[in-house]
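Chemist: Structure incoming, see below.
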Amino acid sequence: MKVVLCLSLFFCLSLKAEVLSVEYSSFYSHLRKLDSDDTPALQFAFGFKHVASEKLCTIDNVKIVTQKVTVPIDVTAEQRFLLPTEKALKQARAKVEISLQEPANQCDMSVQLETKPEYLKTKYMSEDLAFVLKQYQVFFDDMGSFLSFLMPGVEGLHFHFDQALNDTFPSGVNVEGNHLYINQQWIEQGNNLTFESLPIRITALTNN
């Protein structure tokens with residue numbers, strides 16, 4: 001199950017309905033939750049989900065704008081983008097401008113919690129899997145410290161690939177198309193995991 005965290009943001013629309021101008025501080029309040037030595041493997045990937053199709057809206061470009069500079073932001077093939085965690089941008093009252101192909105009122109902000117690219121590889125030792133799982137457990141435990149009944153529990157890891165998997169996997173590994181799931185018990189048994197192709201992301205497997 002893919003975890004997608006949805007944010008409620010106030011959008012300031014420009015003259016073109018397809019361009020959103022969002023206060024960087026709205027992003028920073030969430031980005032700083034990962035600015036910790038406890039979760040070095042995790043990042044937030046931002047995108048916009050179409051309210052009717054549930055697919056991600058197409059982003060033409062993203063840029064951070066201040067009074068002095070404009071900084072372009074890369075957009076992935078999956079129509080998501082990353083933002084730096086910079087308190088200086090918050091203090092400078094920077095804005096994030098997102099140009100969408102679809103009408104802005106048909107696209108809702110979504111934020112995906114996922115592993116950083118440097119933690120994606122084709123061979124995982126049991127220690128690697130335990131490390132990534134622990135990252136998600138720490139994050140959700142911290143976020144749910146006061147409202148635990150609102151937060152899902154982490155039960156394992158969800159690997160995403162760009163095409164269906166034809167690999168042969170040991171018992172306990174669940175494969176559905178281009179998705180692979182392993183639970184916490186399987187990881188704690190000390191199993192290793194090898195792929196023929198590189199996963200595009202790892203998210204948490206949760207209980208809701």
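All residue names refer to the structure tokens as shown: chains lettered A, B, ... in order, residues numbered from 1 in each chain, ligands numbered from 1 in order.
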Would you kindly return, as a list in words, each protein, DNA or RNA residue with an atom no farther than 6 Å from any atom of stretch 108-121 of chain A, considering only C-alpha atoms and excluding same-chain residues fewer than 3 positions away?

Modeler: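 So, after excluding close chain neighbours, the residues are Val4, Leu5, Cys6, Ala41, Leu42, Gln43, Phe44, Ala45, Phe46, Gly47, Phe48, Lys49, Leu198, Ile202 and Thr203 of chain A.
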
Chemist: Pick the closest to A:Ile187 from A:Ser26, A:Ser126, A:Ser36, A:Gln163: which is it, counting only C-alpha atoms?

Modeler: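 Smallest separation from A:Ile187 among the options: A:Ser126.
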
Chemist: To one decimal place in Å, what is the distance between atom CA of A:Arg32 and atom CA of A:Tyr136?

Modeler: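 Atom CA of A:Tyr136 lies at a distance of 15.7 Å from atom CA of A:Arg32.
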
Chemist: As a ChimeraX atom specification, please: the residues near stretch 88-99 of chain A (cut-off 8 Å, only C-alpha atoms, same-chain neighbours under 3 positions excluded).

Modeler: /A:18-25,28,59-67

Chemist: May I have all residues of stretch 66-178 of chain A that DSSP, computed from the backbone, assigns to strand (DSSP E), given as a ChimeraX atom specification?

Modeler: /A:70-73,95-100,107-115,123-124,154-160,174-176

Chemist: Contacts of A:Leu129 at 9 Å or less, counting only C-alpha atoms, minus same-chain residues fewer than 5 places along, as a compact mmCIF listing (two decimals) with C-alpha atoms, in the first residue's frame?

Modeler:
# COMPACT_ATOMS: atom_id res chain seq x y z
CA TYR A 124 19.59 -5.55 -0.27
CA LYS A 134 13.29 1.57 10.85
CA LEU A 157 8.17 -2.14 2.82
CA ILE A 187 12.63 -8.70 7.25
CA ASN A 191 16.30 -12.41 4.56
CA ASN A 192 18.15 -10.73 1.71
CA LEU A 193 16.51 -9.43 -1.48

Chemist: Let me make sure I understand: among A:Gln135, A:Asn105, A:Leu56, A:Ala130, which one has the smallest atom-to-atom distance to A:Asp37 if we use only C-alpha atoms?

Modeler: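 That would be A:Gln135, the residue with the smallest distance to A:Asp37.
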